[in-house]
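Next comes input00.cif, a file with mmCIF, C-alpha atoms.
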data_target
loop_
_atom_site.group_PDB
_atom_site.id
_atom_site.type_symbol
_atom_site.label_atom_id
_atom_site.label_comp_id
_atom_site.auth_asym_id
_atom_site.auth_seq_id
_atom_site.Cartn_x
_atom_site.Cartn_y
_atom_site.Cartn_z
ATOM 1 C CA GLY A 421 122.503 128.519 29.642
ATOM 2 C CA GLY A 422 123.994 128.719 33.212
ATOM 3 C CA ALA A 423 123.009 125.271 34.403
ATOM 4 C CA PRO A 424 125.144 123.321 31.961
ATOM 5 C CA ARG A 425 128.147 125.436 32.887
ATOM 6 C CA ARG A 426 127.712 124.547 36.574
ATOM 7 C CA LYS A 427 127.569 120.875 35.696
ATOM 8 C CA LYS A 428 130.747 121.206 33.751
ATOM 9 C CA ASN A 429 132.412 122.907 36.685
ATOM 10 C CA LYS A 430 131.255 120.128 39.006
ATOM 11 C CA LYS A 431 132.640 117.571 36.662
ATOM 12 C CA GLY A 432 135.896 119.509 36.518
ATOM 13 C CA ARG A 433 136.045 119.672 40.266
ATOM 14 C CA ARG A 434 135.325 115.971 40.557
ATOM 15 C CA GLY A 435 137.985 115.260 37.981
ATOM 16 C CA LYS A 436 140.441 117.363 39.915
ATOM 17 C CA GLU A 437 139.476 115.686 43.191
ATOM 18 C CA SER A 438 139.799 112.210 41.675
ATOM 19 C CA ALA A 439 143.140 113.186 40.180
ATOM 20 C CA ALA A 440 144.249 114.552 43.545
ATOM 21 C CA SER A 441 143.047 111.439 45.352
ATOM 22 C CA SER A 442 144.752 109.189 42.819
ATOM 23 C CA SER A 443 147.966 111.205 43.099
ATOM 24 C CA SER A 444 147.781 111.104 46.895
ATOM 25 C CA THR A 445 147.306 107.335 46.896
ATOM 26 C CA ALA A 446 149.936 106.801 44.227
ATOM 27 C CA GLY A 447 152.431 108.995 46.071
ATOM 28 C CA PRO A 448 153.295 106.633 48.940
ATOM 29 C CA LYS A 449 153.313 103.615 46.630
ATOM 30 C CA ALA A 450 155.815 105.316 44.343
ATOM 31 C CA ALA A 451 157.946 106.378 47.327
ATOM 32 C CA LYS A 452 158.385 102.834 48.722
ATOM 33 C CA PRO A 453 160.555 101.565 45.832
ATOM 34 C CA LEU A 454 162.717 104.667 46.173
ATOM 35 C CA ILE A 455 163.386 103.825 49.817
ATOM 36 C CA GLY A 456 164.326 100.296 48.796
ATOM 37 C CA VAL A 457 166.645 101.616 46.103
ATOM 38 C CA TRP A 458 168.344 103.968 48.531
ATOM 39 C CA ALA A 459 168.678 101.177 51.076
ATOM 40 C CA ALA A 460 170.200 98.962 48.409
ATOM 41 C CA ALA A 461 172.548 101.760 47.427
ATOM 42 C CA LYS A 462 173.632 102.178 51.045
ATOM 43 C CA ASN A 463 174.152 98.438 51.356
ATOM 44 C CA THR A 464 176.326 98.402 48.256
ATOM 45 C CA GLU A 465 178.366 101.307 49.633
ATOM 46 C CA GLU A 466 178.851 99.432 52.916
ATOM 47 C CA ASN A 467 179.805 96.297 51.010
ATOM 48 C CA LEU A 468 182.308 98.282 48.991
ATOM 49 C CA GLN A 469 183.814 99.724 52.157
ATOM 50 C CA ASN A 470 183.989 96.268 53.735
ATOM 51 C CA THR A 471 185.550 94.896 50.577
ATOM 52 C CA ARG A 472 188.179 97.632 50.641
ATOM 53 C CA VAL A 473 188.943 96.845 54.281
ATOM 54 C CA TYR A 474 189.268 93.137 53.517
ATOM 55 C CA LEU A 475 191.432 93.842 50.493
ATOM 56 C CA GLY A 476 193.633 96.088 52.609
ATOM 57 C CA ARG A 477 194.036 93.339 55.192
ATOM 58 C CA LEU A 478 194.788 90.796 52.488
ATOM 59 C CA MET A 479 197.463 93.069 51.027
ATOM 60 C CA VAL A 480 199.073 93.386 54.450
ATOM 61 C CA ARG A 481 199.038 89.615 54.896
ATOM 62 C CA LEU A 482 200.463 89.086 51.433
ATOM 63 C CA MET A 483 203.243 91.583 52.117
ATOM 64 C CA GLN A 484 204.014 89.802 55.383
ATOM 65 C CA LYS A 485 204.135 86.473 53.552
ATOM 66 C CA LEU A 486 206.363 87.870 50.831
ATOM 67 C CA GLU A 487 208.934 89.220 53.298
ATOM 68 C CA PRO A 488 209.807 85.976 55.188
ATOM 69 C CA PRO A 489 211.247 84.095 52.173
ATOM 70 C CA ALA A 490 214.443 86.132 52.496
ATOM 71 C CA GLU A 491 214.729 85.002 56.119
ATOM 72 C CA GLU A 492 213.911 81.411 55.162
ATOM 73 C CA GLU A 493 216.653 81.452 52.559
ATOM 74 C CA GLU A 494 219.099 82.584 55.228
ATOM 75 C CA VAL A 495 217.977 79.707 57.448
ATOM 76 C CA GLU A 496 218.393 77.261 54.577
ATOM 77 C CA GLU A 497 221.959 78.445 54.048
ATOM 78 C CA GLU A 498 222.893 77.193 57.515
ATOM 79 C CA GLU A 499 223.358 73.496 56.836
ATOM 80 C CA GLU A 500 222.975 70.906 59.534
ATOM 81 C CA THR A 501 226.156 68.884 59.986
ATOM 82 C CA PHE A 502 226.726 65.675 61.930
ATOM 83 C CA GLU A 503 229.541 63.208 62.460
ATOM 84 C CA ILE A 504 229.517 59.407 62.559
ATOM 85 C CA GLU A 505 232.207 56.746 62.962
ATOM 86 C CA LEU A 506 232.225 53.449 61.096
ATOM 87 C CA THR A 507 234.660 50.573 61.639
ATOM 88 C CA ARG A 508 235.250 47.289 59.836
ATOM 89 C CA GLN A 509 237.420 44.311 60.684
ATOM 90 C CA SER A 510 239.216 44.500 57.365
ATOM 91 C CA LYS A 511 238.772 45.552 53.784
ATOM 92 C CA ALA A 512 238.608 41.871 52.803
ATOM 93 C CA SER A 513 235.689 41.120 55.138
ATOM 94 C CA ASN A 514 233.803 44.334 54.301
ATOM 95 C CA PRO A 515 235.048 45.742 51.005
ATOM 96 C CA GLN A 516 232.283 48.400 50.956
ATOM 97 C CA TRP A 517 230.824 50.632 53.636
ATOM 98 C CA GLY A 518 227.432 50.688 51.927
ATOM 99 C CA PHE A 519 227.524 54.138 50.313
ATOM 100 C CA LYS A 520 226.222 54.657 46.778
ATOM 101 C CA TRP A 521 227.167 58.099 45.542
ATOM 102 C CA SER A 522 225.405 60.179 42.895
ATOM 103 C CA ASP A 523 227.320 59.911 39.609
ATOM 104 C CA ALA A 524 226.248 63.409 38.571
ATOM 105 C CA LYS A 525 227.600 64.886 41.827
ATOM 106 C CA CYS A 526 230.785 62.810 41.580
ATOM 107 C CA GLU A 527 231.464 64.555 38.271
ATOM 108 C CA GLU A 528 231.279 67.806 40.253
ATOM 109 C CA GLU A 529 233.668 66.251 42.817
ATOM 110 C CA GLN A 530 230.971 66.010 45.471
ATOM 111 C CA LEU A 531 230.038 62.885 47.410
ATOM 112 C CA VAL A 532 226.241 63.000 47.704
ATOM 113 C CA LEU A 533 224.479 59.831 48.827
ATOM 114 C CA CYS A 534 221.899 58.483 46.341
ATOM 115 C CA SER A 535 221.227 55.099 47.995
ATOM 116 C CA ILE A 536 222.381 52.693 50.710
ATOM 117 C CA VAL A 537 223.495 49.105 50.082
ATOM 118 C CA GLU A 538 221.328 46.531 51.866
ATOM 119 C CA ASP A 539 222.830 44.642 54.812
ATOM 120 C CA SER A 540 225.889 46.912 54.768
ATOM 121 C CA LEU A 541 227.769 48.517 57.659
ATOM 122 C CA LEU A 542 226.021 51.802 56.881
ATOM 123 C CA GLU A 543 222.552 50.246 56.918
ATOM 124 C CA LYS A 544 223.324 48.515 60.238
ATOM 125 C CA TRP A 545 224.500 51.851 61.634
ATOM 126 C CA ASN A 546 221.234 53.502 60.560
ATOM 127 C CA LEU A 547 219.090 50.727 62.034
ATOM 128 C CA LYS A 548 220.910 50.978 65.352
ATOM 129 C CA ARG A 549 220.613 54.778 65.462
ATOM 130 C CA ARG A 550 216.888 54.678 64.734
ATOM 131 C CA ALA A 551 216.365 51.960 67.356
ATOM 132 C CA MET A 552 218.077 54.211 69.909
ATOM 133 C CA GLY A 553 216.042 57.256 68.843
ATOM 134 C CA ASP A 554 219.014 59.065 67.304
ATOM 135 C CA ASP A 555 217.356 59.644 63.928
ATOM 136 C CA GLU A 556 219.405 62.785 63.290
ATOM 137 C CA LEU A 557 222.546 60.619 63.197
ATOM 138 C CA ALA A 558 221.105 58.234 60.604
ATOM 139 C CA VAL A 559 222.627 58.879 57.181
ATOM 140 C CA CYS A 560 219.957 59.665 54.582
ATOM 141 C CA VAL A 561 219.797 59.899 50.801
ATOM 142 C CA GLY A 562 220.804 63.418 49.788
ATOM 143 C CA ASP A 563 223.334 63.869 52.620
ATOM 144 C CA ARG A 564 226.697 65.176 51.420
ATOM 145 C CA LEU A 565 229.993 63.873 52.749
ATOM 146 C CA VAL A 566 232.283 66.816 53.465
ATOM 147 C CA GLU A 567 235.118 65.245 55.493
ATOM 148 C CA VAL A 568 236.688 61.812 56.028
ATOM 149 C CA ASN A 569 239.313 61.404 58.771
ATOM 150 C CA GLY A 570 240.123 65.102 58.545
ATOM 151 C CA GLU A 571 240.367 65.067 54.737
ATOM 152 C CA SER A 572 237.931 67.315 52.883
ATOM 153 C CA GLU A 573 239.313 67.062 49.337
ATOM 154 C CA TYR A 574 237.313 64.829 46.999
ATOM 155 C CA LYS A 575 240.119 62.436 45.991
ATOM 156 C CA ALA A 576 241.500 62.203 49.528
ATOM 157 C CA MET A 577 238.040 61.388 50.917
ATOM 158 C CA SER A 578 237.503 58.716 48.263
ATOM 159 C CA LYS A 579 240.892 57.162 49.023
ATOM 160 C CA ALA A 580 240.238 57.132 52.788
ATOM 161 C CA LEU A 581 236.910 55.382 52.240
ATOM 162 C CA ARG A 582 238.616 52.713 50.138
ATOM 163 C CA THR A 583 241.638 52.063 52.369
ATOM 164 C CA ALA A 584 240.810 52.905 56.006
ATOM 165 C CA ASP A 585 239.203 50.396 58.372
ATOM 166 C CA LYS A 586 237.946 53.141 60.668
ATOM 167 C CA VAL A 587 236.453 56.350 59.307
ATOM 168 C CA ALA A 588 235.213 59.498 61.001
ATOM 169 C CA LEU A 589 232.695 60.968 58.588
ATOM 170 C CA HIS A 590 231.301 64.509 58.572
ATOM 171 C CA PHE A 591 228.042 64.870 56.660
ATOM 172 C CA SER A 592 226.185 67.995 55.634
ATOM 173 C CA ARG A 593 222.409 68.082 55.376
ATOM 174 C CA GLY A 594 220.473 71.037 54.027
ATOM 175 C CA GLY A 595 219.132 72.959 51.032
ATOM 176 C CA ALA A 596 221.016 73.399 47.796
ATOM 177 C CA ALA A 597 221.294 77.135 48.429
ATOM 178 C CA GLY A 598 223.459 76.662 51.495
ATOM 179 C CA LYS A 599 225.730 73.843 50.370
ATOM 180 C CA ALA A 600 228.734 76.014 49.596
ATOM 181 C CA ARG A 601 228.701 77.877 52.911
ATOM 182 C CA GLY A 602 227.564 74.842 54.916
ATOM 183 C CA GLY A 603 230.377 72.740 53.469
ATOM 184 C CA GLY A 604 232.933 75.343 54.455
ATOM 185 C CA ALA A 605 231.574 75.470 57.996
ATOM 186 C CA ALA A 606 231.755 71.702 58.279
ATOM 187 C CA GLY A 607 235.414 71.462 57.400
ATOM 188 C CA GLY A 608 235.448 72.642 53.819
ATOM 189 C CA GLY A 609 233.406 71.616 50.811
ATOM 190 C CA THR A 610 235.038 70.327 47.649
ATOM 191 C CA ALA A 611 235.360 73.762 46.066
ATOM 192 C CA ALA A 612 236.737 75.295 49.270
ATOM 193 C CA ALA A 613 239.194 72.424 49.702
ATOM 194 C CA ALA A 614 240.380 72.716 46.117
ATOM 195 C CA ALA A 615 240.960 76.428 46.585
ATOM 196 C CA ALA A 616 242.842 75.790 49.814
ATOM 197 C CA ALA A 617 244.980 73.131 48.105
ATOM 198 C CA GLN A 618 245.930 75.582 45.371
ATOM 199 C CA GLU A 619 246.971 78.139 47.945
#

Take the structure in this file and express it as structure tokens.
Amino acid sequence: GGAPRRKKNKKGRRGKESAASSSSTAGPKAAKPLIGVWAAAKNTEENLQNTRVYLGRLMVRLMQKLEPPAEEEEVEEEEETFEIELTRQSKASNPQWGFKWSDAKCEEEQLVLCSIVEDSLLEKWNLKRRAMGDDELAVCVGDRLVEVNGESEYKAMSKALRTADKVALHFSRGGAAGKARGGGAAGGGTAAAAAAAQE
């Protein structure tokens, strides 16, 4: 009866050995994916940290970009002004200077140029200025007339343009935000002149 028991024990031992060998061989194989997973986890953590750093930098840049507009608005408020002089032989020979004013702005008592008449004194002035490299003195569409021969009130400027044969013209050029202040600096805009006239 003892021999069969020994065989069983041998089989048990062999089974245990094979199980141990299989577990020992399976151990490293099972561990490799874990290393990969941990490495991937570390990579994702690093990516997250990098992303946070980039986001932080982007926020700083955005804040820096959001701050300047206030300064830009202040710059826009300072209108560029320039002066030109036009002369004509007589009203009969040159009834118009060549200005075409915006009707909508005229209703607001502002003389804002919307176009220039071809072959007019104004167009000749512009061509000469550009030929000489004085582009800043060329009158452009959108420029606002703020003074004519010392007159800054709308009706007085219109009258001077119709009657005078020599006109000294002050123009204002800039953004809409700065027109009120720019006009005052250039000799008084329409609103400022009207207020001054009432005083």

*asked:* Could you list, as a ChimeraX atom specification, every residue within 12 Å of Asn546 of chain A, counting all atoms listed in the file and ignoring same-chain residues fewer than 2 positions away?
replied: /A:504-506,518,536-544,548-561

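Between atom CA of Ser535 of chain A and atom CA of Lys579 of chain A the interatomic distance comes to 19.8 Å.
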
*Between A:Val587, A:Leu482, A:Leu468, A:Leu531, which one has atoms that come closest to Arg564 of chain A, using all atoms listed in the file?*
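For Arg564 of chain A, the nearest of the given residues is A:Leu531.
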
*Just give me the gap between atom CA of Glu573 of chain A and atom CA of Ser592 of chain A in Å, one decimal is fine.*
14.6 Å

*Gap from atom CA of Cys534 of chain A to atom CA of Ser578 of chain A - Å, one decimal*: 15.7 Å
